[in-house]
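Undergrad: Sending over start_26.pdb (PDB, C-alpha atoms).
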```
ATOM      1  CA  TYR A   1      11.754   9.791   6.431
ATOM      2  CA  ALA A   2       9.578  10.635   3.434
ATOM      3  CA  ALA A   3       6.345   9.437   5.010
ATOM      4  CA  LEU A   4       6.537  12.337   7.427
ATOM      5  CA  ARG A   5       6.616  14.898   4.608
ATOM      6  CA  THR A   6       9.810  16.407   5.986
ATOM      7  CA  ASP A   7      11.964  19.134   4.487
ATOM      8  CA  THR A   8      15.350  17.678   3.539
ATOM      9  CA  ALA A   9      17.218  20.974   3.742
ATOM     10  CA  PHE A  10      20.207  20.806   6.041
ATOM     11  CA  ILE A  11      19.035  23.727   8.179
ATOM     12  CA  ASP A  12      15.710  22.040   8.920
ATOM     13  CA  THR A  13      17.433  18.771   9.775
ATOM     14  CA  LEU A  14      19.792  20.569  12.118
ATOM     15  CA  ASP A  15      16.891  22.464  13.686
ATOM     16  CA  ALA A  16      15.006  19.224  14.344
ATOM     17  CA  LEU A  17      18.048  17.695  16.048
ATOM     18  CA  LEU A  18      18.858  20.750  18.143
ATOM     19  CA  THR A  19      15.269  21.254  19.299
ATOM     20  CA  ASP A  20      14.702  17.543  19.815
ATOM     21  CA  SER A  21      11.718  17.730  17.466
ATOM     22  CA  GLN A  22      10.458  14.166  17.308
ATOM     23  CA  LYS A  23       7.448  12.318  15.988
ATOM     24  CA  LYS A  24       6.276   8.815  16.769
ATOM     25  CA  MET A  25       5.252   6.844  13.713
ATOM     26  CA  ASP A  26       3.121   3.724  13.389
ATOM     27  CA  VAL A  27       4.366   0.865  11.249
ATOM     28  CA  LEU A  28       2.627  -2.264  10.004
ATOM     29  CA  ARG A  29       3.455  -5.853  10.832
ATOM     30  CA  ILE A  30       2.780  -8.603   8.298
ATOM     31  CA  ASP A  31       2.907 -12.360   8.763
ATOM     32  CA  CYS A  32       2.458 -14.599   5.724
ATOM     33  CA  GLN A  33       3.943 -17.540   3.851
ATOM     34  CA  LYS A  34       7.235 -17.433   1.963
ATOM     35  CA  SER A  35       8.431 -20.486   0.028
ATOM     36  CA  GLY A  36       6.261 -22.698   2.205
ATOM     37  CA  GLN A  37       7.554 -21.268   5.482
ATOM     38  CA  ALA A  38       6.095 -18.749   7.907
ATOM     39  CA  ALA A  39       7.600 -15.283   7.414
ATOM     40  CA  GLY A  40       7.071 -11.917   9.056
ATOM     41  CA  ARG A  41       8.324  -8.365   8.717
ATOM     42  CA  PHE A  42       7.589  -4.809   9.752
ATOM     43  CA  ILE A  43       6.402  -2.527   6.945
ATOM     44  CA  GLY A  44       7.012   1.178   6.538
ATOM     45  CA  THR A  45       3.782   2.264   4.874
ATOM     46  CA  SER A  46       2.004  -0.099   2.467
ATOM     47  CA  ALA A  47       1.257  -3.603   1.249
ATOM     48  CA  ASN A  48      -0.555  -5.012  -1.792
ATOM     49  CA  ILE A  49      -2.076  -8.469  -2.011
ATOM     50  CA  GLY A  50      -3.186  -9.793  -5.386
ATOM     51  CA  PHE A  51      -2.894  -8.207  -8.839
ATOM     52  CA  ALA A  52      -0.757  -5.174  -8.062
ATOM     53  CA  ALA A  53       1.689  -7.288  -6.107
ATOM     54  CA  MET A  54       1.944  -9.904  -8.836
ATOM     55  CA  GLU A  55       2.939  -7.285 -11.385
ATOM     56  CA  LEU A  56       5.245  -5.203  -9.208
ATOM     57  CA  VAL A  57       7.275  -8.221  -8.201
ATOM     58  CA  LYS A  58       8.278  -8.656 -11.878
ATOM     59  CA  ILE A  59       9.721  -5.173 -12.285
ATOM     60  CA  HIS A  60      13.508  -4.973 -12.361
ATOM     61  CA  PRO A  61      14.994  -2.239 -10.129
ATOM     62  CA  TRP A  62      17.060  -0.814 -13.014
ATOM     63  CA  LEU A  63      13.880  -0.230 -15.016
ATOM     64  CA  LYS A  64      12.376   1.801 -12.165
ATOM     65  CA  ARG A  65      15.500   3.921 -12.034
ATOM     66  CA  LEU A  66      15.546   4.443 -15.794
ATOM     67  CA  LEU A  67      11.903   5.339 -16.434
ATOM     68  CA  GLY A  68      10.657   6.344 -13.010
ATOM     69  CA  ALA A  69       8.547   4.323 -10.589
ATOM     70  CA  LYS A  70       5.183   5.800 -11.606
ATOM     71  CA  ILE A  71       5.583   5.184 -15.364
ATOM     72  CA  VAL A  72       6.821   1.643 -14.800
ATOM     73  CA  TYR A  73       3.971   0.965 -12.379
ATOM     74  CA  TYR A  74       1.245   2.052 -14.830
ATOM     75  CA  PHE A  75       2.877   0.177 -17.714
ATOM     76  CA  SER A  76       3.089  -3.088 -15.791
ATOM     77  CA  VAL A  77      -0.487  -2.842 -14.524
ATOM     78  CA  VAL A  78      -1.951  -2.253 -17.985
ATOM     79  CA  LEU A  79      -0.115  -5.275 -19.400
ATOM     80  CA  GLY A  80      -1.010  -7.404 -16.412
ATOM     81  CA  LEU A  81      -4.729  -6.659 -16.671
ATOM     82  CA  LEU A  82      -4.833  -8.564 -19.933
ATOM     83  CA  ARG A  83      -3.759 -11.859 -18.393
ATOM     84  CA  TYR A  84      -4.499 -11.751 -14.660
ATOM     85  CA  ARG A  85      -7.294 -13.924 -13.252
ATOM     86  CA  PRO A  86      -8.507 -12.694  -9.844
ATOM     87  CA  PRO A  87      -8.546 -15.399  -7.151
ATOM     88  CA  GLU A  88     -11.254 -16.100  -4.618
ATOM     89  CA  MET A  89     -10.378 -14.213  -1.441
ATOM     90  CA  GLU A  90     -11.715 -13.919   2.067
ATOM     91  CA  ILE A  91     -10.809 -10.694   3.879
ATOM     92  CA  THR A  92     -11.556 -10.496   7.595
ATOM     93  CA  TRP A  93     -11.201  -7.506   9.910
ATOM     94  CA  GLU A  94     -12.537  -6.346  13.264
ATOM     95  CA  GLU A  95     -15.968  -5.354  12.022
ATOM     96  CA  GLY A  96     -16.588  -7.444   8.940
ATOM     97  CA  THR A  97     -15.776 -10.063   6.328
ATOM     98  CA  PHE A  98     -15.780  -9.925   2.546
ATOM     99  CA  LYS A  99     -15.653 -12.921   0.211
ATOM    100  CA  GLY A 100     -15.429 -13.064  -3.558
ATOM    101  CA  LYS A 101     -13.164 -12.708  -6.560
ATOM    102  CA  ILE A 102     -10.737  -9.887  -5.782
ATOM    103  CA  TRP A 103      -8.330  -7.993  -8.025
ATOM    104  CA  THR A 104      -6.275  -6.612  -5.191
ATOM    105  CA  VAL A 105      -6.223  -5.601  -1.537
ATOM    106  CA  LEU A 106      -4.325  -2.394  -0.720
ATOM    107  CA  VAL A 107      -3.237  -1.739   2.871
ATOM    108  CA  ALA A 108      -1.590   1.531   3.929
ATOM    109  CA  ASN A 109      -0.998   3.725   6.962
ATOM    110  CA  ALA A 110       0.179   6.669   4.850
ATOM    111  CA  GLU A 111      -2.066   8.608   2.492
ATOM    112  CA  TRP A 112       0.402   8.668  -0.392
ATOM    113  CA  ALA A 113       2.208   5.441  -1.291
ATOM    114  CA  GLY A 114       2.976   3.065  -4.122
ATOM    115  CA  GLY A 115       4.037   3.689  -7.695
ATOM    116  CA  GLY A 116       6.120   6.720  -6.867
ATOM    117  CA  GLY A 117       3.433   8.784  -5.145
ATOM    118  CA  MET A 118      -0.204   7.702  -5.577
ATOM    119  CA  ARG A 119      -2.966   8.665  -3.169
ATOM    120  CA  ILE A 120      -4.132   5.137  -2.462
ATOM    121  CA  ALA A 121      -5.350   5.796   1.090
ATOM    122  CA  PRO A 122      -7.066   9.194   1.494
ATOM    123  CA  GLY A 123      -7.314  10.188   5.133
ATOM    124  CA  ALA A 124      -4.660   7.737   6.336
ATOM    125  CA  ARG A 125      -2.305   8.935   9.080
ATOM    126  CA  ILE A 126       0.979   7.542  10.310
ATOM    127  CA  ASP A 127       0.177   8.178  13.970
ATOM    128  CA  ASP A 128      -3.469   7.219  14.630
ATOM    129  CA  GLY A 129      -3.058   3.490  15.349
ATOM    130  CA  ARG A 130      -5.047   2.447  12.267
ATOM    131  CA  MET A 131      -4.449   1.339   8.696
ATOM    132  CA  MET A 132      -6.648   1.954   5.684
ATOM    133  CA  VAL A 133      -7.725  -1.028   3.576
ATOM    134  CA  THR A 134      -9.038  -0.875   0.012
ATOM    135  CA  ILE A 135     -10.675  -3.949  -1.519
ATOM    136  CA  ILE A 136     -10.963  -3.839  -5.306
ATOM    137  CA  PRO A 137     -13.313  -6.623  -6.450
ATOM    138  CA  ALA A 138     -13.240  -8.264  -9.870
ATOM    139  CA  LEU A 139     -14.572  -5.323 -11.865
ATOM    140  CA  PRO A 140     -14.856  -5.406 -15.674
ATOM    141  CA  LEU A 141     -11.593  -4.754 -17.482
ATOM    142  CA  LEU A 142     -12.665  -1.364 -18.874
ATOM    143  CA  SER A 143     -13.654  -0.191 -15.395
ATOM    144  CA  LEU A 144     -10.238  -1.131 -14.047
ATOM    145  CA  LEU A 145      -8.462   0.684 -16.869
ATOM    146  CA  TRP A 146     -10.549   3.788 -16.131
ATOM    147  CA  LYS A 147      -9.684   3.680 -12.436
ATOM    148  CA  LEU A 148      -5.963   3.229 -12.907
ATOM    149  CA  PRO A 149      -5.104   6.944 -13.302
ATOM    150  CA  LEU A 150      -7.535   7.844 -10.498
ATOM    151  CA  LEU A 151      -5.188   6.153  -8.008
ATOM    152  CA  ALA A 152      -2.955   9.196  -8.321
ATOM    153  CA  THR A 153      -5.601  11.469  -6.780
ATOM    154  CA  GLY A 154      -7.644   9.187  -4.542
ATOM    155  CA  LYS A 155     -10.751   9.558  -6.715
ATOM    156  CA  HIS A 156     -10.860   5.806  -7.315
ATOM    157  CA  LEU A 157     -12.788   5.620  -4.048
ATOM    158  CA  ASP A 158     -15.743   7.441  -5.616
ATOM    159  CA  ASP A 159     -16.817   4.059  -7.011
ATOM    160  CA  PRO A 160     -19.252   2.435  -4.530
ATOM    161  CA  ARG A 161     -18.151  -1.023  -5.666
ATOM    162  CA  LEU A 162     -14.817  -0.519  -3.919
ATOM    163  CA  ILE A 163     -14.673  -1.226  -0.191
ATOM    164  CA  TYR A 164     -12.653   1.153   1.972
ATOM    165  CA  PHE A 165     -12.306   1.066   5.737
ATOM    166  CA  ALA A 166     -10.020   1.723   8.700
ATOM    167  CA  THR A 167      -8.952  -1.074  11.035
ATOM    168  CA  LYS A 168      -6.208  -2.159  13.404
ATOM    169  CA  ALA A 169      -5.810  -5.639  11.897
ATOM    170  CA  VAL A 170      -6.842  -7.543   8.777
ATOM    171  CA  SER A 171      -6.319 -11.066   7.436
ATOM    172  CA  VAL A 172      -6.410 -12.234   3.819
ATOM    173  CA  ALA A 173      -6.828 -15.801   2.588
ATOM    174  CA  SER A 174      -7.109 -16.785  -1.073
ATOM    175  CA  ARG A 175      -7.514 -19.704  -3.457
ATOM    176  CA  PRO A 176      -5.205 -20.020  -5.272
ATOM    177  CA  GLU A 177      -2.603 -18.213  -3.206
ATOM    178  CA  ALA A 178      -1.941 -14.563  -3.979
ATOM    179  CA  ILE A 179       1.398 -12.771  -3.953
ATOM    180  CA  VAL A 180       2.137 -10.314  -1.146
ATOM    181  CA  GLU A 181       4.122  -7.154  -1.901
ATOM    182  CA  ILE A 182       5.359  -4.817   0.831
ATOM    183  CA  ASP A 183       6.755  -1.303   0.380
ATOM    184  CA  GLY A 184       7.229  -1.896  -3.343
ATOM    185  CA  GLU A 185       8.938  -5.310  -3.214
ATOM    186  CA  GLY A 186       7.684  -8.885  -3.485
ATOM    187  CA  PHE A 187       7.750 -10.680  -0.146
ATOM    188  CA  GLY A 188       5.564 -13.787   0.120
ATOM    189  CA  GLN A 189       2.169 -15.375  -0.410
ATOM    190  CA  THR A 190      -1.203 -15.645   1.303
ATOM    191  CA  PRO A 191      -2.554 -16.392   3.836
ATOM    192  CA  ALA A 192      -1.462 -13.088   5.338
ATOM    193  CA  GLN A 193      -2.231 -11.194   8.529
ATOM    194  CA  LEU A 194      -1.481  -7.493   8.988
ATOM    195  CA  GLN A 195      -1.702  -5.373  12.110
ATOM    196  CA  VAL A 196      -0.693  -1.918  13.237
ATOM    197  CA  ALA A 197       2.298  -1.510  15.564
ATOM    198  CA  PRO A 198       1.491   1.895  17.105
ATOM    199  CA  ALA A 199       4.194   4.506  17.703
ATOM    200  CA  MET A 200       6.959   2.009  17.017
ATOM    201  CA  LEU A 201       9.326   4.421  15.230
ATOM    202  CA  ARG A 202      10.663   7.653  16.672
ATOM    203  CA  VAL A 203      11.989  10.062  14.069
ATOM    204  CA  PHE A 204      13.454  13.553  14.062
ATOM    205  CA  CYS A 205      11.588  15.805  11.694
ATOM    206  CA  LYS A 206      10.292  19.240  10.879
ATOM    207  CA  GLU A 207       6.745  18.781   9.700
ATOM    208  CA  LYS A 208       5.371  20.919   6.894
ATOM    209  CA  SER A 209       1.771  19.695   6.839
ATOM    210  CA  GLU A 210      -0.575  16.990   8.019
ATOM    211  CA  LYS A 211      -0.300  15.224   4.663
ATOM    212  CA  THR A 212       1.570  11.916   4.767
ATOM    213  CA  THR A 213       3.424  10.501   1.827
ATOM    214  CA  ILE A 214       6.134   8.147   0.687
TER     215      ILE A 214
END
```
As structure tokens, please, write out the structure in this file.

TA:
Amino acid sequence: YAALRTDTAFIDTLDALLTDSQKKMDVLRIDCQKSGQAAGRFIGTSANIGFAAMELVKIHPWLKRLLGAKIVYYFSVVLGLLRYRPPEMEITWEEGTFKGKIWTVLVANAEWAGGGGMRIAPGARIDDGRMMVTIIPALPLLSLLWKLPLLATGKHLDDPRLIYFATKAVSVASRPEAIVEIDGEGFGQTPAQLQVAPAMLRVFCKEKSEKTTI
């Protein structure tokens, strides 16, 4: 599984199986609305609620394959910034609450995720029982355009206006409702609740580093 940063060479795969080299991986659980009905699913590594989700859900799979996920992601975000109107959101977690107009909420338990390999959650681990949450408030358009390429390196978090924290569970409500995207695909709408399911997956792997990615 890519989130474990494994080597895909046959010899390493065989070595992991023969030595019973295993790793337990956390996953995320989301519960939200989908077409007016309650819906839930387990998530591999990441979820977006708000702007990013609204744009990603419009991307056709063939376009990702043709141009590459990262190029398509940046293209769709730039176009979407011109017409998106951030909704009023209320984000609640174990140690706090944030209310206001929000561009997007990013949730991840892997450091690298989204758009074909962006560092949206620096410091995140797949085995620590926590998820990292980034709240991007309604910043001016030029500020958002400046931060877009910084998502590839994690330097977007240098801006003190962004809120970044670790938690075991988070809930998001919005008015009007916001689209929920999970692991790169549109899934449902707010209100949404996310929580960590610790050590739920057991995988065979040969780790190369502590870095996690998808």

Undergrad: Using all atoms listed in the file, which of A:Thr92, A:Ser143, A:Ser174, A:Thr104 sits nearest Ala47 of chain A?

TA: A:Thr104

Undergrad: Counting all atoms listed in the file, which of A:Val196, A:Val77, A:Ile43, A:Ile30 gets nearest to Asp127 of chain A?

TA: A:Val196

Undergrad: Name the residues that the PyMOL selection byres ((chain A and resi 25) around 7) pulls out of this structure, and write them as a list of chain:residue names.

TA: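 On this input, the PyMOL selection byres ((chain A and resi 25) around 7) captures A:Lys23, A:Lys24, A:Asp26, A:Val27, A:Ile126, A:Asp127, A:Ala199, A:Met200, A:Leu201, A:Arg202.
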
Undergrad: Find the residues near Arg119 of chain A: any atom within 9 Å, counting all atoms listed in the file, skip ones fewer than 4 places away on the same chain, and give them as a list in words.

TA: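 Using all atoms listed in the file, the neighbours found are Ala110, Glu111, Trp112, Ala113, Gly114, Leu150, Leu151, Ala152, Thr153, Gly154, Lys155 and Thr213 of chain A.
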
Undergrad: Excluding Gly50 of chain A and its own-chain neighbours fewer than 2 positions away, which residues fall within 10 Å of it when counting only C-alpha atoms? Please give them as a VMD selection string.

TA: chain A and resid 48 52 to 55 84 to 87 89 102 to 106 136 174 177 to 181 189 to 190

Undergrad: Expand the PyMOL selection byres ((chain A and resi 29) around 6) into the explicit residue set it covers here, and present it as a PyMOL selection string.

TA: chain A and resi 28+30+41-43+194-195

Undergrad: Check the smallest atom-to-atom distance from each of A:Gln22, A:Ile49, A:Tyr164, A:Ala121 to Phe187 of chain A using only C-alpha atoms, then report the winner.

TA: A:Ile49

Undergrad: Which value, in Å to one decimal, gives the distance between atom CA of Trp93 of chain A and atom CA of Lys168 of chain A?

TA: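 These atoms are spaced 8.1 Å apart.
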
Undergrad: Centre and edge lengths, as JSON, for the axis-aligned box enclosing every listed atom of segment 173-187 of chain A with 8 Å of padding on each of the six sides, in Å to one decimal?

TA:
```
{"center_x": 0.7, "center_y": -10.7, "center_z": -1.3, "size_x": 32.5, "size_y": 34.7, "size_z": 23.9}
```

Undergrad: Pull out every residue that the PyMOL selection byres ((chain A and resi 109) around 6) matches in the shown coordinates and put them as a ChimeraX atom specification.

TA: /A:45,108,110,124-126,131

Undergrad: For C-alpha atoms, I'd like the residues from the last selection saved as a CSV table (one decimal), in the frame of the given file.

TA:
```csv
chain,number,residue,atom,x,y,z
A,45,THR,CA,3.8,2.3,4.9
A,108,ALA,CA,-1.6,1.5,3.9
A,110,ALA,CA,0.2,6.7,4.8
A,124,ALA,CA,-4.7,7.7,6.3
A,125,ARG,CA,-2.3,8.9,9.1
A,126,ILE,CA,1.0,7.5,10.3
A,131,MET,CA,-4.4,1.3,8.7
```

Undergrad: Please compute the atom CA of Pro176 of chain A-atom CA of Glu88 of chain A distance, one decimal, in Å.

TA: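 So the answer is 7.2 Å.
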
Undergrad: Take atom CA of Gln37 of chain A and atom CA of Gln193 of chain A and report the distance between them in Å, one decimal.

TA: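 Here the two named atoms are 14.4 Å from each other.
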
Undergrad: Show me the residues close to (-14.1, -9.7, -2.9) - anything with an atom within 7 Å, counting only C-alpha atoms - and format the list as a PDB file with C-alpha atoms, in the frame of the given file.

TA:
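Okay, this is what ended up in selection.pdb:
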```pdb
ATOM      1  CA  MET A  89     -10.378 -14.213  -1.441  1.00  0.00           C
ATOM      2  CA  GLU A  90     -11.715 -13.919   2.067  1.00  0.00           C
ATOM      3  CA  PHE A  98     -15.780  -9.925   2.546  1.00  0.00           C
ATOM      4  CA  LYS A  99     -15.653 -12.921   0.211  1.00  0.00           C
ATOM      5  CA  GLY A 100     -15.429 -13.064  -3.558  1.00  0.00           C
ATOM      6  CA  LYS A 101     -13.164 -12.708  -6.560  1.00  0.00           C
ATOM      7  CA  ILE A 102     -10.737  -9.887  -5.782  1.00  0.00           C
ATOM      8  CA  ILE A 135     -10.675  -3.949  -1.519  1.00  0.00           C
ATOM      9  CA  PRO A 137     -13.313  -6.623  -6.450  1.00  0.00           C
TER      10      PRO A 137
END
```

Undergrad: When you count all atoms listed in the file, which of these residues is closest to Ala169 of chain A: A:Ala192, A:Val78, A:Ala38, A:Ile120?

TA: A:Ala192

Undergrad: With distances taken over all atoms listed in the file, which of A:Leu148, A:Leu82, A:Val172, A:Leu66 is nearest to Val107 of chain A?

TA: A:Val172
